[in-house]
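Engineer: The following block contains the structure, expressed as structure tokens.
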Amino acid sequence: MASNEKARSAAEIVAAEWSAVLSFGWDRIDPAVPRAAYQHPALRELWPMVSHGVLYLSRCTEWPWSDDVGTAYPLAKGGYRVRRESDNTLLGEVDTMEEAYELIAATLPEGCGPAVVGTPDDL
């Protein structure tokens, strides 16, 4: 497969998953959360997944997903704690989900580009 065909396929796969995640209702996640992340072009290129009401973003489309992109966890007191699992770094605590996804976009791994078809070994 030519590299541009593979890239287009990855983009199509990611776009289809975003379409699904953006259609989720309150039974899966607060619908405003994926919409806030989707506002950032760099985040929109990553693989989205939802578990336990939290949106996770990966640089690859297959399990095990990458864990080097920050994740916003809602706090009981309000606001969000943003962590990066790969090095267990607290990126910060912010008041709004918009600020959380701004922080995630600003702290993407060096050289982070669109998600690739595959696992972290393919990055």
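Naming scheme: A, B, ... for chains in displayed order of the structure tokens; residues 1 onward per chain; ligands 1 onward as shown.
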Could the residues of segment 41-123 of chain A that have an atom at most 9 Å from segment 30-33 of chain A be listed as CSV, each with its closest atom pair and the distance in Å to one decimal, counting only C-alpha atoms and ordered by chain and ascending residue number?
Structural biologist:
```
residue,atom,partner,partner_atom,distance
A:Gly53,CA,A:Asp30,CA,7.1
A:Val54,CA,A:Val33,CA,8.3
A:Leu55,CA,A:Val33,CA,7.3
A:Met97,CA,A:Val33,CA,6.7
A:Glu98,CA,A:Val33,CA,8.4
A:Tyr101,CA,A:Val33,CA,8.9
```
Engineer: Write out as a list in words all residues of segment 14-88 of chain A that DSSP puts in strand (DSSP E or B) for this structure's backbone.
Structural biologist: Trp47, Pro48, Met49, Val50, Ser51, Val54, Leu55, Tyr56, Leu57, Ser58, Cys60, Thr71, Ala72, Tyr73, Pro74, Tyr80, Arg81, Val82, Arg83 and Arg84 of chain A
Engineer: Looking at only C-alpha atoms, which of A:Thr89, A:Leu75, A:Asp68, A:Gln39 is the one that sits closest to Glu110 of chain A?
Structural biologist: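 Between A:Thr89, A:Leu75, A:Asp68, A:Gln39, the residue approaching Glu110 of chain A most closely is A:Asp68.
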Engineer: Enumerate the residues of segment 8-58 of chain A with a DSSP assignment of alpha helix (DSSP H), computed from the backbone, and present them as a PyMOL selection string.
Structural biologist: chain A and resi 8-22+32-38+41-44
Engineer: Within 12 Å of Gly113 of chain A, counting only C-alpha atoms, which residues qualify if same-chain residues fewer than 4 places away don't, as a list in words?
Structural biologist: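 The residues satisfying every condition are Ala7, Ala10, Ala11, Pro41, Ala42, Leu43, Arg44, Glu45, Leu46, Trp47, Ser58, Arg59, Cys60, Val69, Ala105, Leu108, Pro109 and Leu123 of chain A.
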